[in-house]
>>> print(open('my_file31.cif').read())   # mmCIF, C-alpha atoms
data_model
loop_
_atom_site.group_PDB
_atom_site.id
_atom_site.type_symbol
_atom_site.label_atom_id
_atom_site.label_comp_id
_atom_site.auth_asym_id
_atom_site.auth_seq_id
_atom_site.Cartn_x
_atom_site.Cartn_y
_atom_site.Cartn_z
ATOM 1 C CA CYS A 1 109.243 105.731 103.591
ATOM 2 C CA ILE A 2 106.672 105.741 100.757
ATOM 3 C CA ASN A 3 105.297 102.427 102.024
ATOM 4 C CA ALA A 4 105.744 103.502 105.673
ATOM 5 C CA LEU A 5 108.181 100.693 106.397
ATOM 6 C CA GLU A 6 110.715 103.295 107.543
ATOM 7 C CA PRO A 7 109.700 106.375 109.536
ATOM 8 C CA ILE A 8 109.845 109.750 107.831
ATOM 9 C CA GLN A 9 112.403 111.852 109.683
ATOM 10 C CA GLU A 10 111.805 115.098 107.868
ATOM 11 C CA GLY A 11 109.353 116.441 105.308
ATOM 12 C CA SER A 12 106.189 114.715 104.157
ATOM 13 C CA ILE A 13 104.976 112.319 101.470
ATOM 14 C CA THR A 14 101.573 112.418 99.835
ATOM 15 C CA LEU A 15 100.148 109.913 97.387
ATOM 16 C CA ARG A 16 97.113 111.106 95.443
ATOM 17 C CA GLY A 17 96.297 113.606 98.184
ATOM 18 C CA GLU A 18 96.739 111.145 101.072
ATOM 19 C CA THR A 19 99.494 111.839 103.566
ATOM 20 C CA ILE A 20 101.688 108.843 104.236
ATOM 21 C CA ASP A 21 102.526 108.342 107.875
ATOM 22 C CA GLY A 22 103.231 105.002 109.533
ATOM 23 C CA LYS A 23 100.858 105.915 112.364
ATOM 24 C CA ALA A 24 97.996 106.921 110.092
ATOM 25 C CA LYS A 25 94.808 104.897 110.190
ATOM 26 C CA ASN A 26 94.818 104.710 106.390
ATOM 27 C CA ILE A 27 98.226 103.034 106.073
ATOM 28 C CA ALA A 28 96.794 99.606 105.190
ATOM 29 C CA GLY A 29 94.781 101.178 102.379
ATOM 30 C CA ILE A 30 97.798 103.098 101.106
ATOM 31 C CA ARG A 31 99.954 99.965 101.137
ATOM 32 C CA GLN A 32 97.400 98.218 98.931
ATOM 33 C CA LYS A 33 97.973 100.950 96.310
ATOM 34 C CA VAL A 34 101.764 100.625 96.441
ATOM 35 C CA GLY A 35 103.553 97.550 95.087
ATOM 36 C CA MET A 36 107.060 96.973 96.381
ATOM 37 C CA VAL A 37 109.822 94.793 94.995
ATOM 38 C CA PHE A 38 112.724 94.327 97.388
ATOM 39 C CA GLN A 39 116.380 93.764 96.575
ATOM 40 C CA SER A 40 116.268 90.349 98.253
ATOM 41 C CA TYR A 41 113.033 89.017 96.631
ATOM 42 C CA GLU A 42 111.318 88.187 99.955
ATOM 43 C CA LEU A 43 109.616 85.075 98.583
ATOM 44 C CA PHE A 44 108.297 82.495 101.035
ATOM 45 C CA PRO A 45 110.699 79.538 100.689
ATOM 46 C CA HIS A 46 108.124 76.928 101.812
ATOM 47 C CA LYS A 47 105.544 77.987 99.206
ATOM 48 C CA THR A 48 105.523 77.273 95.489
ATOM 49 C CA ILE A 49 105.870 80.108 93.003
ATOM 50 C CA LEU A 50 102.123 80.041 92.367
ATOM 51 C CA GLU A 51 101.391 80.124 96.116
ATOM 52 C CA ASN A 52 103.774 83.083 96.545
ATOM 53 C CA VAL A 53 102.051 85.001 93.759
ATOM 54 C CA ILE A 54 98.437 84.428 94.860
ATOM 55 C CA LEU A 55 98.876 84.747 98.643
ATOM 56 C CA ALA A 56 98.299 88.512 98.978
ATOM 57 C CA PRO A 57 95.307 88.676 96.616
ATOM 58 C CA LEU A 58 93.686 85.851 98.606
ATOM 59 C CA LYS A 59 94.464 87.103 102.118
ATOM 60 C CA VAL A 60 94.462 90.890 101.708
ATOM 61 C CA GLN A 61 92.008 91.486 98.883
ATOM 62 C CA LYS A 62 89.830 88.429 99.672
ATOM 63 C CA ARG A 63 89.758 87.436 96.009
ATOM 64 C CA THR A 64 88.691 83.941 95.017
ATOM 65 C CA LYS A 65 91.367 81.344 94.442
ATOM 66 C CA GLU A 66 90.035 80.793 90.919
ATOM 67 C CA ASP A 67 90.414 84.514 90.117
ATOM 68 C CA ALA A 68 93.912 84.740 91.622
ATOM 69 C CA VAL A 69 95.160 81.592 89.890
ATOM 70 C CA SER A 70 93.752 82.802 86.579
ATOM 71 C CA GLU A 71 95.528 86.142 86.951
ATOM 72 C CA ALA A 72 98.753 84.418 88.001
ATOM 73 C CA LYS A 73 99.122 83.520 84.337
ATOM 74 C CA GLN A 74 100.976 86.859 84.229
ATOM 75 C CA LEU A 75 103.956 84.635 85.001
ATOM 76 C CA GLU A 76 103.858 83.798 81.294
ATOM 77 C CA LYS A 77 104.712 87.448 80.477
ATOM 78 C CA VAL A 78 107.997 87.025 82.353
ATOM 79 C CA GLY A 79 108.715 83.547 81.004
ATOM 80 C CA LEU A 80 107.958 81.680 84.225
ATOM 81 C CA LEU A 81 104.549 80.059 83.824
ATOM 82 C CA ASP A 82 106.267 76.667 83.716
ATOM 83 C CA LYS A 83 107.718 77.334 87.208
ATOM 84 C CA CYS A 84 104.350 77.557 89.038
ATOM 85 C CA ASP A 85 104.979 74.328 90.970
ATOM 86 C CA SER A 86 108.647 75.093 91.699
ATOM 87 C CA PHE A 87 109.954 76.462 94.973
ATOM 88 C CA PRO A 88 112.087 79.621 95.186
ATOM 89 C CA ARG A 89 115.250 77.598 95.904
ATOM 90 C CA GLN A 90 114.855 76.016 92.449
ATOM 91 C CA LEU A 91 114.999 79.373 90.620
ATOM 92 C CA SER A 92 117.855 81.660 89.657
ATOM 93 C CA GLY A 93 118.104 85.118 91.203
ATOM 94 C CA GLY A 94 116.701 86.749 88.078
ATOM 95 C CA GLN A 95 113.765 84.353 88.027
ATOM 96 C CA LYS A 96 113.038 85.030 91.707
ATOM 97 C CA GLN A 97 113.095 88.757 91.080
ATOM 98 C CA ARG A 98 110.667 88.435 88.159
ATOM 99 C CA VAL A 99 108.341 86.371 90.388
ATOM 100 C CA ALA A 100 108.547 89.155 92.994
ATOM 101 C CA ILE A 101 107.524 91.679 90.316
ATOM 102 C CA VAL A 102 104.515 89.579 89.279
ATOM 103 C CA ARG A 103 103.585 89.104 92.941
ATOM 104 C CA ALA A 104 103.506 92.885 93.426
ATOM 105 C CA LEU A 105 101.512 93.400 90.213
ATOM 106 C CA MET A 106 98.868 90.911 91.368
ATOM 107 C CA MET A 107 97.658 93.546 93.851
ATOM 108 C CA HIS A 108 96.961 96.038 91.005
ATOM 109 C CA PRO A 109 99.062 98.815 92.559
ATOM 110 C CA GLU A 110 98.851 102.428 91.423
ATOM 111 C CA ILE A 111 102.594 102.802 91.874
ATOM 112 C CA MET A 112 105.484 100.312 91.968
ATOM 113 C CA LEU A 113 108.572 100.750 94.141
ATOM 114 C CA PHE A 114 111.788 98.998 93.122
ATOM 115 C CA ASP A 115 114.588 98.982 95.681
ATOM 116 C CA GLU A 116 117.884 98.077 93.971
ATOM 117 C CA VAL A 117 116.246 95.026 92.405
ATOM 118 C CA THR A 118 119.349 94.112 90.397
ATOM 119 C CA ALA A 119 121.937 94.555 93.162
ATOM 120 C CA ALA A 120 121.888 90.921 94.343
ATOM 121 C CA LEU A 121 121.924 89.439 90.836
ATOM 122 C CA ASP A 122 124.687 87.974 88.731
ATOM 123 C CA PRO A 123 125.442 90.260 85.742
ATOM 124 C CA GLU A 124 123.812 87.864 83.265
ATOM 125 C CA MET A 125 120.549 87.948 85.274
ATOM 126 C CA VAL A 126 120.347 91.757 85.425
ATOM 127 C CA ARG A 127 119.117 92.234 81.840
ATOM 128 C CA GLU A 128 116.124 89.892 82.201
ATOM 129 C CA VAL A 129 114.875 91.857 85.220
ATOM 130 C CA LEU A 130 115.518 95.233 83.560
ATOM 131 C CA ASP A 131 113.651 94.050 80.450
ATOM 132 C CA THR A 132 110.642 93.157 82.622
ATOM 133 C CA MET A 133 110.692 96.630 84.174
ATOM 134 C CA LEU A 134 111.044 98.234 80.744
ATOM 135 C CA GLU A 135 107.885 96.406 79.621
ATOM 136 C CA LEU A 136 106.059 97.810 82.661
ATOM 137 C CA ALA A 137 107.198 101.321 81.733
ATOM 138 C CA LYS A 138 106.026 100.851 78.147
ATOM 139 C CA ALA A 139 102.631 99.753 79.505
ATOM 140 C CA GLY A 140 102.385 103.047 81.420
ATOM 141 C CA SER A 141 103.123 101.859 84.956
ATOM 142 C CA THR A 142 104.151 104.490 87.487
ATOM 143 C CA MET A 143 107.395 103.395 89.122
ATOM 144 C CA VAL A 144 109.902 104.733 91.610
ATOM 145 C CA ILE A 145 113.202 102.975 91.017
ATOM 146 C CA VAL A 146 116.279 103.128 93.216
ATOM 147 C CA THR A 147 119.173 101.933 91.068
ATOM 148 C CA HIS A 148 122.836 102.230 90.218
ATOM 149 C CA GLU A 149 122.103 101.086 86.648
ATOM 150 C CA MET A 150 122.569 104.546 85.112
ATOM 151 C CA ALA A 151 122.089 103.629 81.434
ATOM 152 C CA PHE A 152 118.850 101.856 82.336
ATOM 153 C CA ALA A 153 117.690 104.819 84.450
ATOM 154 C CA LYS A 154 118.242 107.180 81.535
ATOM 155 C CA GLU A 155 116.416 104.833 79.141
ATOM 156 C CA ILE A 156 113.334 104.227 81.289
ATOM 157 C CA SER A 157 112.821 107.456 83.218
ATOM 158 C CA ASP A 158 110.678 110.536 82.784
ATOM 159 C CA ARG A 159 112.391 112.140 85.759
ATOM 160 C CA ILE A 160 115.726 111.532 87.483
ATOM 161 C CA ILE A 161 116.478 112.444 91.091
ATOM 162 C CA PHE A 162 120.043 112.137 92.338
ATOM 163 C CA MET A 163 120.575 111.952 96.080
ATOM 164 C CA ASP A 164 123.683 112.178 98.208
ATOM 165 C CA LYS A 165 123.554 111.376 101.936
ATOM 166 C CA GLY A 166 119.761 111.655 101.947
ATOM 167 C CA VAL A 167 119.653 115.037 100.240
ATOM 168 C CA ILE A 168 118.307 115.665 96.740
ATOM 169 C CA ILE A 169 121.123 117.231 94.743
ATOM 170 C CA GLU A 170 119.456 117.055 91.326
ATOM 171 C CA ASP A 171 115.900 116.780 90.019
ATOM 172 C CA ALA A 172 115.821 116.816 86.228
ATOM 173 C CA SER A 173 114.748 115.172 83.004
ATOM 174 C CA PRO A 174 116.928 112.204 82.005
ATOM 175 C CA ASP A 175 118.737 114.281 79.356
ATOM 176 C CA GLU A 176 119.408 117.142 81.788
ATOM 177 C CA GLY A 177 120.331 114.807 84.643
ATOM 178 C CA PHE A 178 122.895 112.977 82.553
ATOM 179 C CA SER A 179 124.371 115.963 80.724
ATOM 180 C CA SER A 180 128.071 116.417 81.350
ATOM 181 C CA ASP A 181 127.794 120.177 81.808
ATOM 182 C CA ASN A 182 125.396 120.333 84.735
ATOM 183 C CA GLY A 183 126.953 122.101 87.666
ATOM 184 C CA ARG A 184 125.958 120.081 90.740
ATOM 185 C CA ARG A 185 126.531 116.531 89.585
ATOM 186 C CA LYS A 186 128.444 114.860 86.807
ATOM 187 C CA ALA A 187 127.171 111.711 85.131
ATOM 188 C CA GLY A 188 129.653 108.911 85.112
#
>>> encode(input="my_file31.cif", output="structure tokens")
Amino acid sequence: CINALEPIQEGSITLRGETIDGKAKNIAGIRQKVGMVFQSYELFPHKTILENVILAPLKVQKRTKEDAVSEAKQLEKVGLLDKCDSFPRQLSGGQKQRVAIVRALMMHPEIMLFDEVTAALDPEMVREVLDTMLELAKAGSTMVIVTHEMAFAKEISDRIIFMDKGVIIEDASPDEGFSSDNGRRKAG
């Protein structure tokens, strides 16, 4: 809903004073401010890792190829600079997810959305993706993270929102949200 990929059924969403509505004329501009990392990577299988990472800056932001390729060196931060000429099928799930994170960051978003980014990964791949997200948090990135990784959520978050069947049942600090004596929801 934040990126207007799903219609808002009730309520409203505003981002820096702009109302988000899939029918709004400003939706393309809003989407450029919001980076999204999907559970299933969504990399183009026929493009190399470098091509996947620079595509949006070239097409959407009309940046020069030289500028985009230079910035794609962010792949080094996630240990994947040596995979620039590889194709997605040649990478592990954790590597693909880290490429997807870099691809979103290439657009210089104001906010990052993470939709269950570890759900499709083998357990040994989860930590490398969570470590990448932790580095983003330490750098001051604003992120909305949907996750079942509760220990990670407590470690990384400034605010925790628990939902059940589409309804917010708790909105608290990490310490309050995970305390065992809160009345509406028990951590576990």
>>> residues_near_point(input="my_file31.cif", point="(101.8, 97.8, 96.7)", cutoff="10 Å", atoms="only C-alpha atoms", output="PyMOL selection string")
chain A and resi 3+29-37+103-113
>>> atom_distance(input="my_file31.cif", atom1="CA of Leu80 in chain A", atom2="CA of Lys138 in chain A")
20.2 Å
>>> closest_residue(input="my_file31.cif", among="A:Leu130, A:Val53, A:Val102, A:Ile145", to="Glu116 in chain A", atoms="only C-alpha atoms")
A:Ile145
>>> resolve_selection(input="my_file31.cif", expression="the PyMOL selection byres ((chain A and resi 149-163) around 10)", output="mmCIF file with C-alpha atoms, in the coordinates of the input")
data_model
loop_
_atom_site.group_PDB
_atom_site.id
_atom_site.type_symbol
_atom_site.label_atom_id
_atom_site.label_comp_id
_atom_site.auth_asym_id
_atom_site.auth_seq_id
_atom_site.Cartn_x
_atom_site.Cartn_y
_atom_site.Cartn_z
ATOM 1 C CA GLU A 116 117.884 98.077 93.971
ATOM 2 C CA THR A 118 119.349 94.112 90.397
ATOM 3 C CA ALA A 119 121.937 94.555 93.162
ATOM 4 C CA VAL A 126 120.347 91.757 85.425
ATOM 5 C CA ARG A 127 119.117 92.234 81.840
ATOM 6 C CA LEU A 130 115.518 95.233 83.560
ATOM 7 C CA ASP A 131 113.651 94.050 80.450
ATOM 8 C CA MET A 133 110.692 96.630 84.174
ATOM 9 C CA LEU A 134 111.044 98.234 80.744
ATOM 10 C CA GLU A 135 107.885 96.406 79.621
ATOM 11 C CA LEU A 136 106.059 97.810 82.661
ATOM 12 C CA ALA A 137 107.198 101.321 81.733
ATOM 13 C CA LYS A 138 106.026 100.851 78.147
ATOM 14 C CA MET A 143 107.395 103.395 89.122
ATOM 15 C CA VAL A 144 109.902 104.733 91.610
ATOM 16 C CA ILE A 145 113.202 102.975 91.017
ATOM 17 C CA VAL A 146 116.279 103.128 93.216
ATOM 18 C CA THR A 147 119.173 101.933 91.068
ATOM 19 C CA HIS A 148 122.836 102.230 90.218
ATOM 20 C CA ASP A 164 123.683 112.178 98.208
ATOM 21 C CA LYS A 165 123.554 111.376 101.936
ATOM 22 C CA GLY A 166 119.761 111.655 101.947
ATOM 23 C CA VAL A 167 119.653 115.037 100.240
ATOM 24 C CA ILE A 168 118.307 115.665 96.740
ATOM 25 C CA ILE A 169 121.123 117.231 94.743
ATOM 26 C CA GLU A 170 119.456 117.055 91.326
ATOM 27 C CA ASP A 171 115.900 116.780 90.019
ATOM 28 C CA ALA A 172 115.821 116.816 86.228
ATOM 29 C CA SER A 173 114.748 115.172 83.004
ATOM 30 C CA PRO A 174 116.928 112.204 82.005
ATOM 31 C CA ASP A 175 118.737 114.281 79.356
ATOM 32 C CA GLU A 176 119.408 117.142 81.788
ATOM 33 C CA GLY A 177 120.331 114.807 84.643
ATOM 34 C CA PHE A 178 122.895 112.977 82.553
ATOM 35 C CA ARG A 185 126.531 116.531 89.585
ATOM 36 C CA ALA A 187 127.171 111.711 85.131
ATOM 37 C CA GLY A 188 129.653 108.911 85.112
#
>>> resolve_selection(input="my_file31.cif", expression="the PyMOL selection byres ((chain A and resi 42) around 10)", output="PDB file with C-alpha atoms, keeping the file's coordinate frame")
ATOM      1  CA  VAL A  37     109.822  94.793  94.995  1.00  0.00           C
ATOM      2  CA  PHE A  38     112.724  94.327  97.388  1.00  0.00           C
ATOM      3  CA  GLN A  39     116.380  93.764  96.575  1.00  0.00           C
ATOM      4  CA  SER A  40     116.268  90.349  98.253  1.00  0.00           C
ATOM      5  CA  TYR A  41     113.033  89.017  96.631  1.00  0.00           C
ATOM      6  CA  LEU A  43     109.616  85.075  98.583  1.00  0.00           C
ATOM      7  CA  PHE A  44     108.297  82.495 101.035  1.00  0.00           C
ATOM      8  CA  PRO A  45     110.699  79.538 100.689  1.00  0.00           C
ATOM      9  CA  ASN A  52     103.774  83.083  96.545  1.00  0.00           C
ATOM     10  CA  PRO A  88     112.087  79.621  95.186  1.00  0.00           C
ATOM     11  CA  LYS A  96     113.038  85.030  91.707  1.00  0.00           C
ATOM     12  CA  GLN A  97     113.095  88.757  91.080  1.00  0.00           C
ATOM     13  CA  ALA A 100     108.547  89.155  92.994  1.00  0.00           C
TER      14      ALA A 100
END
>>> atom_distance(input="my_file31.cif", atom1="CA of Ile54 in chain A", atom2="CA of Thr132 in chain A")
19.4 Å
